[in-house]
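To be precise, the following lines are protein.cif, and they hold mmCIF, C-alpha atoms.
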data_protein
#
loop_
_atom_site.label_atom_id
_atom_site.label_comp_id
_atom_site.auth_asym_id
_atom_site.auth_seq_id
_atom_site.Cartn_x
_atom_site.Cartn_y
_atom_site.Cartn_z
CA MET A 1 -31.05 23.36 16.74
CA PRO A 2 -30.78 27.14 16.52
CA PRO A 3 -32.46 29.02 19.39
CA ASP A 4 -36.00 30.20 18.69
CA GLY A 5 -36.41 33.41 16.80
CA VAL A 6 -32.77 33.61 15.81
CA PRO A 7 -32.06 32.93 12.16
CA ALA A 8 -29.31 30.42 11.53
CA GLY A 9 -25.97 32.02 10.82
CA PRO A 10 -25.10 32.66 7.23
CA PRO A 11 -23.54 29.70 5.46
CA PRO A 12 -19.76 29.75 5.38
CA GLU A 13 -19.65 30.68 1.71
CA ASP A 14 -22.07 33.57 1.99
CA SER A 15 -19.98 35.86 4.07
CA ASP A 16 -16.74 35.86 5.96
CA ARG A 17 -18.29 37.20 9.13
CA LEU A 18 -21.38 36.65 11.21
CA ALA A 19 -23.73 39.48 12.04
CA CYS A 20 -21.83 39.89 15.31
CA GLY A 21 -18.60 40.42 13.37
CA LYS A 22 -16.94 37.12 14.23
CA PRO A 23 -15.23 35.28 11.35
CA VAL A 24 -17.13 32.20 10.24
CA ASP A 25 -13.81 30.47 9.62
CA ASP A 26 -12.99 30.56 13.32
CA LEU A 27 -16.18 28.74 14.17
CA LEU A 28 -15.54 26.27 11.36
CA ALA A 29 -12.07 25.52 12.73
CA GLN A 30 -13.57 25.19 16.19
CA VAL A 31 -16.11 22.61 15.06
CA THR A 32 -14.15 20.72 12.43
CA ASP A 33 -10.65 20.78 13.86
CA GLY A 34 -11.22 21.15 17.56
CA ALA A 35 -9.61 24.57 17.66
CA PRO A 36 -10.29 26.42 20.93
CA PRO A 37 -12.81 29.30 20.71
CA ARG A 38 -11.13 32.63 20.07
CA ASP A 39 -13.51 34.50 22.32
CA PRO A 40 -15.34 32.09 24.62
CA GLU A 41 -16.86 34.92 26.63
CA HIS A 42 -18.55 36.44 23.57
CA GLN A 43 -19.54 33.07 22.20
CA ARG A 44 -21.48 32.11 25.31
CA GLY A 45 -23.73 35.12 25.01
CA CYS A 46 -23.95 35.65 21.26
CA PRO A 47 -27.03 34.19 19.55
CA HIS A 48 -25.37 34.46 16.12
CA CYS A 49 -22.34 32.48 17.19
CA ARG A 50 -24.42 29.89 18.98
CA ALA A 51 -26.73 29.41 16.04
CA ALA A 52 -23.85 29.10 13.61
CA LEU A 53 -22.05 26.67 15.89
CA ALA A 54 -25.16 24.52 16.26
CA GLU A 55 -25.61 24.39 12.54
CA LEU A 56 -21.98 23.55 11.88
CA GLU A 57 -22.08 20.84 14.52
CA ASP A 58 -25.07 19.31 12.81
CA LEU A 59 -23.40 19.57 9.42
CA TRP A 60 -20.19 18.01 10.67
CA ALA A 61 -21.74 15.21 12.72
CA PRO A 62 -21.85 12.69 9.84
CA VAL A 63 -18.22 13.51 9.02
CA ARG A 64 -17.28 12.60 12.60
CA ASP A 65 -19.41 9.47 12.36
CA LEU A 66 -17.67 8.41 9.19
CA ALA A 67 -14.22 9.18 10.59
CA ALA A 68 -15.04 7.06 13.63
CA GLU A 69 -16.21 4.15 11.52
CA HIS A 70 -14.11 1.09 12.10
CA VAL A 71 -12.26 0.33 8.89
CA ARG A 72 -10.22 -2.81 8.47
CA ALA A 73 -8.17 -3.91 5.51
CA PRO A 74 -9.73 -6.82 3.57
CA ALA A 75 -8.92 -10.19 5.05
CA GLY A 76 -6.98 -11.47 2.04
CA LEU A 77 -4.80 -8.42 1.57
CA LEU A 78 -1.77 -9.56 3.53
CA GLN A 79 -1.76 -12.92 1.80
CA ALA A 80 -2.12 -11.37 -1.62
CA VAL A 81 0.74 -8.97 -0.99
CA MET A 82 3.03 -11.67 0.34
CA ALA A 83 2.22 -14.01 -2.56
CA GLN A 84 3.19 -11.28 -5.01
CA ILE A 85 6.38 -10.58 -3.13
CA ARG A 86 7.41 -14.21 -3.08
CA GLU A 87 6.72 -14.44 -6.78
CA LEU A 88 8.86 -11.38 -7.26
CA SER A 89 11.81 -12.74 -5.34
CA ARG A 90 11.61 -15.92 -7.33
CA ASN A 91 11.75 -14.25 -10.69
CA ALA A 92 13.21 -10.84 -10.33
CA TRP A 93 16.93 -11.37 -10.23
CA GLN A 94 19.12 -10.84 -13.21
CA ALA A 95 22.58 -11.95 -14.08
CA VAL A 96 24.84 -9.18 -15.25
CA LEU A 97 27.70 -9.41 -17.68
CA HIS A 98 29.95 -6.40 -17.78
CA ASP A 99 31.56 -5.37 -20.98
CA PRO A 100 33.63 -2.27 -21.73
CA VAL A 101 30.85 -0.99 -23.98
CA GLY A 102 27.92 -1.79 -21.76
CA GLN A 103 26.36 -4.45 -19.69
CA THR A 104 24.14 -7.38 -20.49
CA ARG A 105 21.42 -8.39 -18.11
CA ILE A 106 19.93 -11.82 -18.32
CA ALA A 107 16.67 -12.41 -16.51
CA ALA A 108 16.45 -15.27 -14.07
CA ARG A 109 13.79 -17.06 -16.02
CA VAL A 110 16.05 -17.12 -19.06
CA VAL A 111 18.78 -18.80 -17.06
CA GLY A 112 16.15 -21.15 -15.66
CA ALA A 113 14.77 -21.93 -19.08
CA VAL A 114 18.20 -22.66 -20.54
CA ALA A 115 18.94 -24.97 -17.64
CA ARG A 116 15.62 -26.73 -18.05
CA LEU A 117 15.99 -27.28 -21.79
CA ALA A 118 19.58 -28.45 -21.35
CA ALA A 119 18.52 -30.92 -18.69
CA GLU A 120 15.66 -32.20 -20.79
CA SER A 121 17.98 -32.84 -23.71
CA VAL A 122 19.75 -35.53 -21.67
CA PRO A 123 18.46 -39.03 -22.51
CA HIS A 124 16.21 -40.55 -19.84
CA VAL A 125 15.37 -37.19 -18.32
CA THR A 126 11.66 -36.78 -18.88
CA LEU A 127 10.97 -33.55 -17.14
CA ALA A 128 13.02 -30.80 -15.64
CA LEU A 129 12.46 -27.59 -13.77
CA GLY A 130 15.32 -25.19 -13.76
CA GLY A 131 15.99 -21.94 -11.96
CA GLY A 132 16.00 -20.71 -8.43
CA HIS A 133 16.13 -17.58 -6.39
CA ALA A 134 18.34 -14.62 -6.36
CA ALA A 135 19.54 -14.63 -2.82
CA GLY A 136 19.18 -11.51 -0.77
CA PRO A 137 22.40 -10.66 1.07
CA MET A 138 21.28 -12.64 4.09
CA GLU A 139 19.99 -15.60 2.21
CA ALA A 140 23.11 -16.24 0.20
CA THR A 141 24.64 -18.57 2.71
CA ALA A 142 21.44 -19.69 4.35
CA ASP A 143 19.98 -21.46 1.38
CA PRO A 144 22.41 -22.96 -1.13
CA ALA A 145 19.55 -24.07 -3.35
CA ARG A 146 19.00 -20.50 -4.30
CA VAL A 147 20.81 -18.92 -7.16
CA ALA A 148 23.34 -16.30 -6.29
CA GLY A 149 26.84 -15.20 -6.87
CA PRO A 150 29.58 -17.33 -5.30
CA GLU A 151 30.77 -16.66 -1.80
CA GLY A 152 32.84 -13.56 -1.55
CA GLU A 153 31.26 -11.96 -4.59
CA ALA A 154 28.46 -10.06 -2.96
CA ALA A 155 25.51 -9.16 -5.08
CA THR A 156 25.80 -5.48 -5.72
CA ASP A 157 22.07 -4.93 -5.88
CA ILE A 158 19.12 -6.82 -4.59
CA GLY A 159 18.17 -9.13 -7.38
CA VAL A 160 21.46 -8.99 -9.24
CA ALA A 161 23.42 -12.19 -9.28
CA GLY A 162 26.68 -11.15 -10.93
CA THR A 163 28.38 -13.32 -13.53
CA HIS A 164 28.45 -16.51 -11.51
CA VAL A 165 25.32 -18.49 -10.97
CA VAL A 166 24.33 -21.52 -9.03
CA ILE A 167 21.80 -23.57 -10.91
CA ASP A 168 19.21 -25.70 -9.26
CA VAL A 169 17.46 -28.23 -11.45
CA GLN A 170 14.81 -30.70 -10.55
CA ILE A 171 14.39 -33.67 -12.82
CA ALA A 172 12.31 -36.74 -13.28
CA VAL A 173 14.15 -39.72 -14.76
CA ASP A 174 13.13 -42.92 -16.44
CA PHE A 175 12.79 -45.87 -14.16
CA GLY A 176 15.76 -48.23 -14.29
CA VAL A 177 18.52 -45.85 -15.35
CA PRO A 178 21.57 -45.23 -13.14
CA ILE A 179 20.63 -41.98 -11.46
CA PRO A 180 24.13 -40.73 -10.52
CA GLN A 181 25.31 -41.01 -14.11
CA VAL A 182 22.26 -39.26 -15.48
CA ALA A 183 22.58 -36.53 -12.88
CA ASP A 184 26.21 -36.07 -13.76
CA GLN A 185 25.36 -35.82 -17.42
CA VAL A 186 22.69 -33.24 -16.62
CA ARG A 187 25.20 -31.27 -14.60
CA ARG A 188 27.75 -31.16 -17.39
CA ARG A 189 25.24 -30.36 -20.08
CA VAL A 190 23.60 -27.58 -18.08
CA ALA A 191 26.97 -26.00 -17.35
CA HIS A 192 27.91 -26.23 -20.99
CA HIS A 193 24.64 -24.72 -22.25
CA ILE A 194 24.67 -21.94 -19.71
CA ALA A 195 28.21 -21.02 -20.69
CA THR A 196 27.45 -21.19 -24.41
CA HIS A 197 24.12 -19.42 -24.42
CA THR A 198 24.47 -16.89 -21.67
CA GLY A 199 28.18 -16.46 -21.10
CA LEU A 200 27.63 -16.99 -17.39
CA THR A 201 29.78 -19.23 -15.26
CA THR A 202 28.07 -21.91 -13.24
CA THR A 203 29.79 -22.49 -9.96
CA GLU A 204 27.40 -25.25 -9.01
CA VAL A 205 24.68 -27.26 -10.65
CA ASN A 206 22.55 -28.91 -8.03
CA VAL A 207 20.45 -31.72 -9.39
CA THR A 208 17.47 -32.95 -7.48
CA VAL A 209 15.75 -36.09 -8.70
CA VAL A 210 12.14 -35.63 -7.77
CA ASP A 211 10.47 -38.48 -9.63
CA VAL A 212 10.97 -41.67 -11.57
CA ARG A 213 8.69 -42.58 -14.42
CA GLN A 214 7.95 -45.56 -16.55
CA PRO A 215 9.91 -45.11 -19.75
CA PRO A 216 7.71 -44.91 -22.81
CA ALA A 217 6.89 -48.41 -24.08
CA ASP A 218 9.17 -49.10 -27.04
CA HIS A 219 8.77 -52.86 -27.46
CA MET B 1 -5.17 12.59 19.27
CA SER B 2 -5.08 9.13 17.86
CA ARG B 3 -2.33 6.64 18.41
CA VAL B 4 -1.03 7.20 14.91
CA ALA B 5 -0.81 10.92 15.36
CA GLU B 6 1.25 10.46 18.50
CA GLU B 7 3.55 8.00 16.83
CA VAL B 8 4.32 10.15 13.86
CA GLN B 9 5.37 13.03 16.03
CA GLY B 10 7.90 10.97 17.88
CA SER B 11 11.18 9.68 16.59
CA VAL B 12 11.60 6.47 14.64
CA ASP B 13 10.18 3.47 16.47
CA PRO B 14 13.23 1.25 17.15
CA LEU B 15 11.29 -1.98 16.84
CA GLU B 16 9.83 -0.93 13.53
CA ALA B 17 13.24 0.24 12.35
CA ARG B 18 14.46 -3.28 13.04
CA TRP B 19 11.69 -4.81 10.93
CA VAL B 20 12.44 -2.37 8.15
CA GLU B 21 16.12 -3.25 8.33
CA LEU B 22 15.37 -6.96 8.07
CA ALA B 23 12.95 -6.39 5.22
CA ARG B 24 15.58 -4.38 3.37
CA GLY B 25 17.78 -7.44 3.56
CA GLY B 26 15.12 -9.49 1.85
CA ASP B 27 13.34 -10.92 4.89
CA GLU B 28 9.80 -11.50 3.70
CA GLU B 29 8.44 -12.30 7.15
CA ALA B 30 9.73 -9.01 8.48
CA PHE B 31 7.94 -7.25 5.67
CA ALA B 32 4.77 -9.16 6.49
CA VAL B 33 4.97 -7.70 9.99
CA LEU B 34 5.11 -4.22 8.50
CA VAL B 35 2.16 -4.92 6.22
CA ARG B 36 0.12 -6.24 9.12
CA ALA B 37 0.97 -3.24 11.25
CA HIS B 38 0.00 -0.65 8.67
CA GLN B 39 -2.65 -2.17 6.44
CA ASP B 40 -5.73 -1.03 8.37
CA GLN B 41 -4.59 2.56 8.64
CA LEU B 42 -3.53 2.69 4.98
CA TYR B 43 -6.73 1.03 3.83
CA ARG B 44 -8.74 3.63 5.70
CA VAL B 45 -6.84 6.38 3.90
CA ALA B 46 -7.15 4.73 0.48
CA LEU B 47 -10.84 3.99 0.99
CA ARG B 48 -11.68 7.57 1.87
CA MET B 49 -9.50 8.85 -0.95
CA THR B 50 -11.06 6.64 -3.62
CA GLY B 51 -14.50 5.93 -2.18
CA ASN B 52 -14.21 2.45 -3.61
CA PRO B 53 -13.18 -0.71 -1.72
CA HIS B 54 -11.80 -2.44 -4.82
CA ASP B 55 -9.69 0.52 -5.81
CA ALA B 56 -8.50 0.88 -2.24
CA GLN B 57 -7.41 -2.74 -2.11
CA ASP B 58 -5.65 -2.54 -5.47
CA ILE B 59 -3.86 0.60 -4.41
CA LEU B 60 -2.70 -0.97 -1.17
CA GLN B 61 -1.44 -4.08 -2.88
CA GLU B 62 0.49 -2.08 -5.44
CA ALA B 63 1.81 0.29 -2.81
CA PHE B 64 3.15 -2.52 -0.63
CA LEU B 65 4.74 -4.14 -3.65
CA GLN B 66 6.34 -0.87 -4.62
CA ALA B 67 7.55 -0.40 -1.06
CA TRP B 68 9.13 -3.85 -1.06
CA GLN B 69 10.93 -3.15 -4.30
CA HIS B 70 12.15 0.24 -3.20
CA LEU B 71 13.04 -0.50 0.40
CA PRO B 72 16.75 -0.18 -0.41
CA SER B 73 16.16 3.48 -1.23
CA PHE B 74 14.19 4.13 1.96
CA ARG B 75 15.95 6.59 4.22
CA ARG B 76 16.50 5.08 7.62
CA ASP B 77 15.86 8.29 9.50
CA ALA B 78 12.39 8.59 8.02
CA GLN B 79 9.25 7.02 9.37
CA PHE B 80 8.15 3.96 7.50
CA SER B 81 4.52 5.05 7.99
CA THR B 82 5.22 8.42 6.35
CA TRP B 83 6.94 6.78 3.43
CA ILE B 84 4.33 4.10 2.77
CA THR B 85 1.45 6.56 3.23
CA ARG B 86 3.08 8.79 0.68
CA ILE B 87 3.22 5.91 -1.79
CA VAL B 88 -0.47 5.19 -1.18
CA ILE B 89 -1.44 8.84 -1.65
CA ASN B 90 0.55 9.07 -4.87
CA ARG B 91 -1.22 6.00 -6.17
CA CYS B 92 -4.58 7.50 -5.24
CA HIS B 93 -3.55 10.55 -7.19
CA ASN B 94 -2.74 8.51 -10.27
CA LEU B 95 -5.99 6.61 -10.14
CA ARG B 96 -8.41 7.87 -12.72
CA ARG B 97 -11.09 9.23 -10.49
CA ALA B 98 -13.38 9.83 -13.43
CA ARG B 99 -13.73 6.11 -13.88
CA ARG B 100 -16.73 5.49 -11.66
CA PRO B 101 -17.59 8.73 -9.97
CA THR B 102 -21.28 8.07 -9.47
CA ASP B 103 -21.38 4.34 -8.85
CA PRO B 104 -23.07 3.59 -5.56
CA LEU B 105 -20.80 2.21 -2.91
CA PRO B 106 -21.52 -1.40 -2.01
CA ASP B 107 -22.62 -0.51 1.50
CA GLU B 108 -24.93 2.29 0.49
CA ALA B 109 -27.27 0.32 -1.74
CA GLU B 110 -30.86 1.14 -0.80
CA PRO B 111 -30.02 2.43 2.62
CA ALA B 112 -33.54 3.23 3.75
CA ALA B 113 -35.90 1.09 1.75
CA ALA B 114 -35.10 -2.23 3.35
CA MET B 115 -35.32 -0.99 6.88
CA PRO B 116 -38.35 -1.28 9.14
CA GLN B 117 -40.12 2.03 9.57
CA ALA B 118 -39.67 2.47 13.28
CA PRO B 119 -38.46 5.85 14.46
CA ALA B 120 -35.11 4.45 15.64
CA ALA B 121 -34.61 2.66 12.33
CA GLU B 122 -35.46 5.83 10.48
CA ALA B 123 -32.88 7.73 12.42
CA LEU B 124 -30.33 5.04 11.70
CA ALA B 125 -31.14 5.09 8.02
CA MET B 126 -30.88 8.86 8.03
CA ALA B 127 -27.50 8.74 9.71
CA ALA B 128 -26.30 6.16 7.19
CA GLN B 129 -27.51 8.35 4.35
CA ARG B 130 -25.69 11.33 5.73
CA ARG B 131 -22.47 9.33 6.02
CA ASP B 132 -22.88 8.31 2.40
CA ALA B 133 -23.27 11.94 1.52
CA VAL B 134 -19.92 12.61 3.21
CA ARG B 135 -18.30 9.80 1.20
CA GLN B 136 -19.58 11.30 -2.03
CA ALA B 137 -18.72 14.84 -1.01
CA LEU B 138 -15.13 13.78 -0.35
CA LEU B 139 -14.87 12.56 -3.93
CA ALA B 140 -16.16 15.88 -5.17
CA LEU B 141 -13.19 17.67 -3.63
CA PRO B 142 -10.10 18.28 -5.75
CA PHE B 143 -7.15 16.05 -4.87
CA ASP B 144 -5.20 18.92 -3.32
CA GLN B 145 -7.93 19.31 -0.74
CA ARG B 146 -9.07 15.72 -0.41
CA ALA B 147 -5.62 14.39 0.49
CA PRO B 148 -4.95 16.68 3.47
CA LEU B 149 -8.53 16.32 4.65
CA VAL B 150 -8.49 12.53 4.51
CA LEU B 151 -5.10 12.36 6.20
CA THR B 152 -6.02 14.67 9.07
CA THR B 153 -9.73 14.20 9.71
CA PHE B 154 -10.00 10.55 8.69
CA GLY B 155 -6.45 9.29 9.11
CA GLY B 156 -5.64 11.05 12.35
CA TYR B 157 -2.31 12.39 11.11
CA THR B 158 -1.05 15.68 12.49
CA HIS B 159 -0.60 18.65 10.19
CA ALA B 160 3.17 18.18 10.43
CA GLU B 161 2.95 14.56 9.39
CA THR B 162 0.44 15.37 6.65
CA GLY B 163 2.91 17.93 5.33
CA ARG B 164 5.71 15.36 5.28
CA ILE B 165 3.50 12.86 3.47
CA LEU B 166 2.41 15.36 0.85
CA GLY B 167 5.80 16.99 0.54
CA ILE B 168 4.61 20.39 1.70
CA SER B 169 5.21 22.44 4.83
CA GLU B 170 3.25 21.92 8.02
CA ASN B 171 1.65 25.30 7.56
CA ALA B 172 0.66 24.60 3.98
CA ALA B 173 -0.89 21.33 5.11
CA LYS B 174 -2.83 23.15 7.78
CA VAL B 175 -4.11 25.76 5.36
CA ARG B 176 -5.13 23.17 2.77
CA ALA B 177 -6.83 20.99 5.35
CA HIS B 178 -8.80 23.93 6.63
CA ARG B 179 -9.78 24.96 3.14
CA ALA B 180 -10.88 21.42 2.46
CA ARG B 181 -13.01 21.28 5.60
CA ARG B 182 -14.70 24.48 4.56
CA ALA B 183 -15.30 23.13 1.06
CA LEU B 184 -16.71 19.91 2.49
CA ALA B 185 -19.04 21.83 4.79
CA ILE B 186 -20.29 23.86 1.85
CA ILE B 187 -20.98 20.76 -0.23
CA LEU B 188 -22.76 19.04 2.64
CA ARG B 189 -24.90 22.10 3.19
CA GLU B 190 -25.83 22.26 -0.49
CA TRP B 191 -26.80 18.61 -0.51
CA ARG B 192 -28.93 18.81 2.56
#
Output the structure of this file as structure tokens.
Amino acid sequence: MPPDGVPAGPPPEDSDRLACGKPVDDLLAQVTDGAPPRDPEHQRGCPHCRAALAELEDLWAPVRDLAAEHVRAPAGLLQAVMAQIRELSRNAWQAVLHDPVGQTRIAARVVGAVARLAAESVPHVTLALGGGHAAGPMEATADPARVAGPEGEAATDIGVAGTHVVIDVQIAVDFGVPIPQVADQVRRRVAHHIATHTGLTTTEVNVTVVDVRQPPADH
Amino acid sequence: MSRVAEEVQGSVDPLEARWVELARGGDEEAFAVLVRAHQDQLYRVALRMTGNPHDAQDILQEAFLQAWQHLPSFRRDAQFSTWITRIVINRCHNLRRARRPTDPLPDEAEPAAAMPQAPAAEALAMAAQRRDAVRQALLALPFDQRAPLVLTTFGGYTHAETGRILGISENAAKVRAHRARRALAIILREWR
């Protein structure tokens, strides 16, 4: 509170200086930014300075309160961010075909879709999931199930797989069929379709049989 | 000075540099460490910049995603905190502030009415109201003032660090922050 009988200092916008001649800005910096008083001796004895300081302190108190408020990021934020990032690494790579007149980029999901459709066109394959990851430089050797360029052909960019791809397909087959033969057929057909449709070279087609199903009743 | 302010003045934290390096190589867990380490501080900045918890969360999510995608272009001699804060501030800038300027904040709904009318409760309600006034007053400041003010007064960044984040000199950051504090004081006085 301002001392009795002394009018509060002029508001900062009204004038640049207090009645005692001290710049209001100095007091503002003192209160709001912790700047040391320019003239502590004067300030101790000056009613104008003391009144203005008291008023500024009061004005700035809720700002300090708010700044001191404990703020924490929402609980689900980390999870949400990481889920998006994983999604991104799953789908963001592209295969690149270089041509003298330009380059062709084929998105991962296109390669995955071609592989899936090719696999599903094989008799006795009822369901297929195709695709995989673009390997980061460190993942290339760690996880062969992920799609990347072959060894020795380093991806030039994160998310770029080059012209050679490793395909990973998961299939469900009809119950009773010889799985190795079906898998082999899937492998050859996927490689053929990838080459025909995308121009990419498959260095590996990994087939994972994840389920067997009752074939549709045809009797 | 806060912990953050001390950190940003020093050189690159070697442990953090290691996490950044791993994340650059595609290590998602390493990136999760970085997110965990910085999310509270960044959320505080985004919340004071936008005045809206939903916007702040969206901005943080997008900023982290952008950081992940652009890590390969991150300069190793820079501070990760400077870089990511800059992304957050830029996103705050792009946010259409005009969208919901007068919506009440979730935590300011009927601040006084529900409270018992004891003197202590009244004082509490009054203090809460005055903090709300600060939140609103921040939004009334132009971006050029709000950003340095939020970073320094609410984020605890030094003027030098604030300058690096905003891409201006330390002195310019200091001048703008001071101008912003004056503008905020004027608004608060008018609203009293």
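Between CA of Thr201 in chain A and CA of Arg188 in chain A there is a distance of 12.3 Å.
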Show which residues sit within 12 Å of Ala61 in chain A, as JSON, numbers by chain. Count only C-alpha atoms, and ignore same-chain residues fewer than 3 positions away. {"A": [31, 32, 53, 54, 55, 56, 57, 58, 64, 65, 66, 67, 68], "B": [127, 128, 130, 131, 133, 134, 185, 188]}
Mind listing as a PyMOL selection string which residues of chain B are within 6 Å of chain A, counting all atoms listed in the file? chain B and resi 26+39-40+43-44+61+130-131+154
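For the atom pair formed by CA of Ala23 in chain B and CA of Phe74 in chain B, the distance is 11.1 Å, given to one decimal.
Taking CA of His54 in chain B as the reference point, CA of Ala83 in chain A is found at 18.3 Å.
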The PyMOL selection byres ((chain B and resi 71) around 12) on the file shown: which residues, as a PyMOL selection string? (chain A and resi 157-158) or (chain B and resi 17+19-28+31+34+63-70+72-76+78+80+83-84+87)
What's around Ala183 in chain B at 10 Å? Count all atoms listed in the file, leave out sequence neighbours fewer than 2 positions away in its own chain, and write the answer as a ChimeraX atom specification. /A:12-13 /B:137-138,140-142,145-146,177-181,185-189
Selection result for the PyMOL selection byres ((chain A and resi 193) around 12) on this file, as a ChimeraX atom specification: /A:110-122,167,186-192,194-202,205
Pull C-alpha atoms from the residues just selected and write them as a PDB file, in the coordinates of the input.
ATOM      1  CA  VAL A 110      16.050 -17.120 -19.060  1.00  0.00           C
ATOM      2  CA  VAL A 111      18.780 -18.800 -17.060  1.00  0.00           C
ATOM      3  CA  GLY A 112      16.150 -21.150 -15.660  1.00  0.00           C
ATOM      4  CA  ALA A 113      14.770 -21.930 -19.080  1.00  0.00           C
ATOM      5  CA  VAL A 114      18.200 -22.660 -20.540  1.00  0.00           C
ATOM      6  CA  ALA A 115      18.940 -24.970 -17.640  1.00  0.00           C
ATOM      7  CA  ARG A 116      15.620 -26.730 -18.050  1.00  0.00           C
ATOM      8  CA  LEU A 117      15.990 -27.280 -21.790  1.00  0.00           C
ATOM      9  CA  ALA A 118      19.580 -28.450 -21.350  1.00  0.00           C
ATOM     10  CA  ALA A 119      18.520 -30.920 -18.690  1.00  0.00           C
ATOM     11  CA  GLU A 120      15.660 -32.200 -20.790  1.00  0.00           C
ATOM     12  CA  SER A 121      17.980 -32.840 -23.710  1.00  0.00           C
ATOM     13  CA  VAL A 122      19.750 -35.530 -21.670  1.00  0.00           C
ATOM     14  CA  ILE A 167      21.800 -23.570 -10.910  1.00  0.00           C
ATOM     15  CA  VAL A 186      22.690 -33.240 -16.620  1.00  0.00           C
ATOM     16  CA  ARG A 187      25.200 -31.270 -14.600  1.00  0.00           C
ATOM     17  CA  ARG A 188      27.750 -31.160 -17.390  1.00  0.00           C
ATOM     18  CA  ARG A 189      25.240 -30.360 -20.080  1.00  0.00           C
ATOM     19  CA  VAL A 190      23.600 -27.580 -18.080  1.00  0.00           C
ATOM     20  CA  ALA A 191      26.970 -26.000 -17.350  1.00  0.00           C
ATOM     21  CA  HIS A 192      27.910 -26.230 -20.990  1.00  0.00           C
ATOM     22  CA  ILE A 194      24.670 -21.940 -19.710  1.00  0.00           C
ATOM     23  CA  ALA A 195      28.210 -21.020 -20.690  1.00  0.00           C
ATOM     24  CA  THR A 196      27.450 -21.190 -24.410  1.00  0.00           C
ATOM     25  CA  HIS A 197      24.120 -19.420 -24.420  1.00  0.00           C
ATOM     26  CA  THR A 198      24.470 -16.890 -21.670  1.00  0.00           C
ATOM     27  CA  GLY A 199      28.180 -16.460 -21.100  1.00  0.00           C
ATOM     28  CA  LEU A 200      27.630 -16.990 -17.390  1.00  0.00           C
ATOM     29  CA  THR A 201      29.780 -19.230 -15.260  1.00  0.00           C
ATOM     30  CA  THR A 202      28.070 -21.910 -13.240  1.00  0.00           C
ATOM     31  CA  VAL A 205      24.680 -27.260 -10.650  1.00  0.00           C
TER      32      VAL A 205
END
Excluding Ala160 in chain B and residues on its chain fewer than 2 positions from it, collect all residues at most 12 Å away from it, counting all atoms listed in the file, and give them as a ChimeraX atom specification. /B:5-6,8-10,82,148,151-152,156-158,162-175,177
Got a sec: who's within 9 Å of Met49 in chain B, counting all atoms listed in the file, leaving out chain neighbours fewer than 4 positions off, as a ChimeraX atom specification? /B:44-45,56,89,92-93,138-139,143,146-147,150
Excluding Cys46 in chain A and any residue of its chain fewer than 4 positions from it, enumerate the residues within 8 Å of it, using all atoms listed in the file, and give them as a list in words. Cys20, His42 and Arg50 of chain A
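Between Gln30 in chain A and the candidates A:Ala183, A:Thr163, A:Arg105, A:Ala52, the tightest atom-to-atom separation, counting all atoms listed in the file, involves A:Ala52.
Closest approach to Arg86 in chain B among B:Glu161, B:Asp13, B:Val33, B:Asp144 is made by B:Glu161 (distances from all atoms listed in the file).
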Return as AutoDock Vina command-line options the centre and edge lengths, in Å with one decimal, of the box along x, y and z that encloses every atom of range 125-144 of chain B in the file, padded by 5 Å per side.
--center_x -18.2 --center_y 12.0 --center_z 2.0 --size_x 35.9 --size_y 23.8 --size_z 25.5
Evaluated on this file, the PyMOL selection byres ((chain A and resi 129) around 6) picks out some residues - which ones are they, written as an mmCIF file with C-alpha atoms, keeping the file's coordinate frame?
data_model
loop_
_atom_site.group_PDB
_atom_site.id
_atom_site.type_symbol
_atom_site.label_atom_id
_atom_site.label_comp_id
_atom_site.auth_asym_id
_atom_site.auth_seq_id
_atom_site.Cartn_x
_atom_site.Cartn_y
_atom_site.Cartn_z
ATOM 1 C CA ARG A 116 15.620 -26.730 -18.050
ATOM 2 C CA ALA A 128 13.020 -30.800 -15.640
ATOM 3 C CA GLY A 130 15.320 -25.190 -13.760
ATOM 4 C CA VAL A 169 17.460 -28.230 -11.450
ATOM 5 C CA GLN A 170 14.810 -30.700 -10.550
#
